[in-house]
Each structure stands twice: as C-alpha cells, then as structure tokens.
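Quick notes on the structure that follows.
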Amino acid sequence: MKIILLGAPGAGKGTVAKLLTDFDGSVQISTGDILRAAVKEGTDLGKEAKAYMDRGDLVPDSLIMKIMEARLREDDCRNGFILDGFPRTIPQAQALKELLKKLDVRLDMAVNLDVPKDVILDRLTTRRTCSNPDCQAIYNIKSNPPTPEGTCKKCGSPVIQRDDETEDAIMNRLQTYNDKTAPLISFYEKKGLLKNILSLSSVDTVEEIKKHLAVEGVD
Ligand code: AMP
C-alpha cells in the first residue's frame with residue numbers, strides 16, 4: 001500500500017502505521033521518528049531541527065523534503081509505504097506530488113484519522129515514549145503504562161515525557177496543526193484521494209483502512 005496518514009498530534013497515526021506494516025510489510029515512514037533519531041545522534045539535521053521540535057513548531061519544509069526525497073528513494077519503499085506525520089503543510093503536499101511523479105509512484109489514498117479534541121488532549125498529556133530511539137514504544141499512563149519502574153516493556157530503556165509533550169508545546173502543536181496541517185484534508189479531498197475515518201480504536205481503524213484498500217484493489 002502507498003498511503004498517507006493524516007490527523008492531529010495524538011490521533012494515533014504512529015500506532016495505526018505500525019499495525020499496518022504488520023499487515024503487508026509496507027514500511028512506516030515517520031518524519032517525527034527520523035527527526036528525533038537525528039536529534040539523539042546529534043547530527044547537523046538534528047541540531048537544526050531540535051529548537052523547532054521542542055517548541056512544537058514545524059521544521060522548515062526544505063529540510064523535510066530533503067529527508068523525504070532520500071527516504072522514498074530507498075529500496076524498501078518499493079513494496080509500499082505508510083507516511084506518518086508527512087506531509088504537514090500544503091507546500092510539502094505539493095512537493096510530495098512532484099516527487100512521486102518523478103519516482104513514477106501512485107498514491108493509493110490519504111486517510112484522515114478523525115479524533116474528537118477532548119480525546120486528543122487527554123491522550124497527549126498522558127502519553128509517554130520509550131527513550132531508546134530504536135524502540136520509541138508509546139505508552140499511556142492511564143491505559144497502557146510502562147513497568148512500575150518506569151521502563152519500557154519491550155527494551156527496558158527509561159520511558160519519558162517528550163520535550164514536545166509539555167502543556168505549552170502541546171497547545172502550540174495543536175494550533176500549528178489547525179493552521180498548517182488541517183488544510184491538507186480538503187487538499188486530498190479535492191484530488192479524490194481522501195478517506196475520513198472516525199478513529200477511536202486503532203484496531204478498528206486498521207480494519208477500516210484494509211477494507212478501503214480491498215475496495216480500491218490495492219494489494
Ligand atoms: P510527530 O512525532 O510526528 O508529532 O513530530 C514531532 C515534531 O517533529 C513535530 O512537532 C515537528 O516539530 C517535527 N515534524 C515532524 N514531521 C514534520 C513535518 N512533516 N514537517 C515539519 N515538521 C515535522
């Protein structure tokens with residue numbers, strides 16, 4: 001499958017993307033994960049991106065497109081990809097369209113995970129993330145806590161609250177989403193590529209996406 005997952009921060013794009021990779025081996029490409037790994041490694045990209053990320057602002061489009069052009073050219077994308085957290089702005093969506101044309105790749109659909117605002121706020125403030133950049137398992141202190149010692153159940157690393165999950169950064173990320181990313185919903189709707197899913201459970205959402213893919217004849 002070659003799909004985009006749209007949705008506010010905390011809508012569950014990462015969880016849904018991971019479940020979908022188990023389904024058909026398409027790769028998950030999360031610009032957020034790529035950027036966090038770069039910050040952790042202290043690369044030039046990481047140094048440039050960190051301040052934007054900590055404030056909950058978007059990293060400049062030019063930097064993101066450089067990352068995505070290189071990533072989408074990698075061999076493992078040939079069988080399919082799930083874009084998680086990209087595109088985030090109209091210029092990124094336009095640049096992606098040109099890039100896919102150049103690579104001769106056709107997008108199957110853009111899925112919008114529609115989640116009520118109170119659910120989003122609750123999820124973001126209770127979310128914790130594994131600090132190991134190779135793991136990044138997501139926990140929730142209410143519904144899916146880490147071990148009682150605060151470590152990851154998968155890899156044993158400390159589970160932390162991300163810098164961009166403080167209350168100020170969360171409010172800024174939601175505002176940025178409304179201003180810059182929500183307009184992508186009508187961008188893809190006009191292109192006939194949008195599927196809107198009321199998404200309260202990741203498992204149900206994945207089933208619904210699979211149904212849409214079957215109807216479109218995507219394997
Ligand atoms: P995420 O994990 O997708 O919420 O991303 C975490 C942070 O990385 C965002 O708040 C942005 O600062 C940055 N980021 C991730 N993806 C993008 C993107 N496509 N465009 C600009 N900034 C991004």
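Chain labels follow the order of the structure tokens: the first chain is A, the next B, and so on; residue numbering restarts at 1 in every chain, and ligands are counted from 1 in their shown order.
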Open item on the list: I need the strand (DSSP E) residues of range 12-167 of chain A per DSSP on the backbone, written as a list in words.
Closed with: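 Put together, the selection reads Val27, Gln28, Ile29, Ser30, Phe81, Ile82, Leu83, Asp84, Met109, Ala110, Val111, Asn112, Leu113, Asp114, Arg127, Arg128, Thr129, Cys130, Ile138, Tyr139, Asn140, Val159 and Ile160 of chain A.
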For the selection just defined, write its residues with C-alpha atoms to a file, as an mmCIF file, in the first residue's frame.
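Final output, out.cif:
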```cif
data_model
loop_
_atom_site.group_PDB
_atom_site.id
_atom_site.type_symbol
_atom_site.label_atom_id
_atom_site.label_comp_id
_atom_site.auth_asym_id
_atom_site.auth_seq_id
_atom_site.Cartn_x
_atom_site.Cartn_y
_atom_site.Cartn_z
ATOM 1 C CA VAL A 27 7.329 0.453 5.602
ATOM 2 C CA GLN A 28 6.293 3.111 8.103
ATOM 3 C CA ILE A 29 7.980 6.445 7.410
ATOM 4 C CA SER A 30 7.603 8.834 10.320
ATOM 5 C CA PHE A 81 4.900 2.865 2.460
ATOM 6 C CA ILE A 82 2.778 4.446 5.135
ATOM 7 C CA LEU A 83 3.571 8.127 5.581
ATOM 8 C CA ASP A 84 3.077 9.083 9.228
ATOM 9 C CA MET A 109 -5.147 7.185 -0.565
ATOM 10 C CA ALA A 110 -4.807 9.747 2.198
ATOM 11 C CA VAL A 111 -6.546 8.549 5.356
ATOM 12 C CA ASN A 112 -7.674 11.186 7.844
ATOM 13 C CA LEU A 113 -7.875 9.873 11.411
ATOM 14 C CA ASP A 114 -10.656 11.994 12.832
ATOM 15 C CA ARG A 127 1.420 9.868 26.652
ATOM 16 C CA ARG A 128 4.917 8.634 27.449
ATOM 17 C CA THR A 129 7.554 7.407 24.994
ATOM 18 C CA CYS A 130 10.445 4.963 25.246
ATOM 19 C CA ILE A 138 4.414 4.564 23.060
ATOM 20 C CA TYR A 139 2.767 4.217 26.468
ATOM 21 C CA ASN A 140 -0.147 5.872 28.233
ATOM 22 C CA VAL A 159 10.156 5.767 29.452
ATOM 23 C CA ILE A 160 9.939 9.570 29.327
#
```
Shell around Ser157 in chain A at 7 Å using only C-alpha atoms, local window under 4 positions removed, as a CSV table (one decimal) with N, CA and C atoms, in the first residue's frame:
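Dumped everything to out.csv:
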```
chain,number,residue,atom,x,y,z
A,130,CYS,N,9.2,5.6,24.9
A,130,CYS,CA,10.4,5.0,25.2
A,130,CYS,C,11.6,5.8,24.7
A,131,SER,N,12.6,6.1,25.6
A,131,SER,CA,13.7,7.0,25.2
A,131,SER,C,14.7,6.4,24.3
A,132,ASN,N,14.6,5.1,24.0
A,132,ASN,CA,15.5,4.4,23.1
A,132,ASN,C,15.1,4.8,21.6
A,151,THR,N,10.1,1.8,33.1
A,151,THR,CA,10.9,1.4,32.0
A,151,THR,C,10.1,0.7,30.9
A,152,CYS,N,10.7,0.7,29.7
A,152,CYS,CA,9.9,0.1,28.5
A,152,CYS,C,9.8,-1.4,28.6
```
- [ ] Do a neighbour search on Thr176 in chain A at 10 Å with only C-alpha atoms, toss out local chain neighbours closer than 3 positions, and write the hits as number ranges by chain.
- [x] A: 8-9, 56-58, 88-89, 170-173, 179-182
TODO: Can you tell me which residues come within 10 Å of ligand 1 when counting only C-alpha atoms and all ligand atoms, ideally as a PyMOL selection string?
DONE: chain A and resi 7-11+13-14+30-36+49-65+67-68+83-89+92-93+162-165+169-170+172-174+176-177+180-181
- [ ] Check the DSSP output for the backbone and give back, as a list of chain:residue names, the residues of range 76-141 of chain A in alpha helix (DSSP H).
- [x]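 Of range 76-141 of chain A, only A:Ile90, A:Pro91, A:Gln92, A:Ala93, A:Gln94, A:Ala95, A:Leu96, A:Lys97, A:Glu98, A:Leu99, A:Leu100, A:Lys101, A:Lys102, A:Leu103, A:Lys117, A:Asp118, A:Val119, A:Ile120, A:Leu121, A:Asp122, A:Arg123, A:Leu124, A:Thr125, A:Thr126 fall in alpha helix (DSSP H).
Nearest to Ala37 in chain A of all the residues A:Gly217, A:His212, A:Asp134, A:Lys191 is A:Asp134, counting only C-alpha atoms.
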Task: Selection near Leu103 in chain A, 10 Å with only C-alpha atoms, sequence-local residues under 4 positions removed, as a PyMOL selection string - done: chain A and resi 69+72-73+97-99
Selected residues written out with all heavy atoms, as a compact mmCIF listing (two decimals), in the first residue's frame:
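Final file, part-v5.txt:
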```
# COMPACT_ATOMS: atom_id res chain seq x y z
N GLU A 69 12.86 12.99 0.27
CA GLU A 69 13.30 12.57 -1.08
C GLU A 69 14.28 11.41 -0.94
O GLU A 69 14.17 10.40 -1.63
CB GLU A 69 13.91 13.75 -1.85
CG GLU A 69 14.58 13.28 -3.13
CD GLU A 69 14.38 14.17 -4.34
OE1 GLU A 69 14.02 15.35 -4.16
OE2 GLU A 69 14.59 13.67 -5.46
N LEU A 72 12.33 8.17 0.36
CA LEU A 72 11.43 7.50 -0.59
C LEU A 72 12.18 6.85 -1.75
O LEU A 72 11.63 6.02 -2.48
CB LEU A 72 10.39 8.49 -1.13
CG LEU A 72 9.25 8.81 -0.15
CD1 LEU A 72 8.40 9.97 -0.65
CD2 LEU A 72 8.37 7.58 0.09
N ARG A 73 13.46 7.22 -1.92
CA ARG A 73 14.27 6.59 -2.96
C ARG A 73 14.88 5.26 -2.48
O ARG A 73 15.46 4.52 -3.28
CB ARG A 73 15.41 7.51 -3.40
CG ARG A 73 14.95 8.64 -4.32
CD ARG A 73 16.13 9.49 -4.74
NE ARG A 73 15.70 10.61 -5.55
CZ ARG A 73 15.41 10.54 -6.85
NH1 ARG A 73 15.50 9.39 -7.48
NH2 ARG A 73 15.01 11.61 -7.50
N LYS A 97 3.79 15.54 -4.29
CA LYS A 97 3.13 15.18 -5.55
C LYS A 97 4.17 15.16 -6.69
O LYS A 97 4.21 14.21 -7.49
CB LYS A 97 2.03 16.21 -5.83
CG LYS A 97 1.17 15.88 -6.99
CD LYS A 97 -0.09 16.73 -7.00
CE LYS A 97 -0.80 16.60 -8.31
NZ LYS A 97 -0.58 17.73 -9.21
N GLU A 98 5.00 16.20 -6.74
CA GLU A 98 6.03 16.27 -7.78
C GLU A 98 7.04 15.14 -7.62
O GLU A 98 7.45 14.51 -8.60
CB GLU A 98 6.78 17.62 -7.70
CG GLU A 98 5.92 18.82 -8.06
CD GLU A 98 5.21 18.64 -9.40
OE1 GLU A 98 5.90 18.26 -10.37
OE2 GLU A 98 3.98 18.84 -9.47
N LEU A 99 7.42 14.88 -6.36
CA LEU A 99 8.41 13.83 -6.10
C LEU A 99 7.88 12.46 -6.54
O LEU A 99 8.58 11.69 -7.20
CB LEU A 99 8.76 13.83 -4.60
CG LEU A 99 9.71 12.74 -4.10
CD1 LEU A 99 11.04 12.81 -4.83
CD2 LEU A 99 9.93 12.89 -2.58
```
TODO: For CA of Thr126 in chain A and CA of Gln161 in chain A, quote the distance in Å rounded to one decimal.
DONE: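 CA of Thr126 in chain A sits 8.7 Å away from CA of Gln161 in chain A.
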Task: Given only C-alpha atoms as the counted atoms, nearest of A:Ile3, A:Ile90, A:Ile209, A:Leu200 to Asp118 in chain A - done: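 Ranked by minimum distance to Asp118 in chain A, first place goes to A:Leu200.
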Open item on the list: Report, in Å to a single decimal, how far apart CA of Arg106 in chain A and CA of Ile197 in chain A are.
Closed with: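 CA of Arg106 in chain A lies 21.5 Å from CA of Ile197 in chain A.
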Task: d(CA of Asp24 in chain A, CA of Val105 in chain A) in Å - done: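 Interatomic distance, CA of Asp24 in chain A to CA of Val105 in chain A: 17.7 Å.
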Task: Who sits within 8 Å of Met1 in chain A, only C-alpha atoms, same chain under 6 positions skipped, as number ranges by chain - done: A: 24, 26, 79-82, 108, 213, 218-219
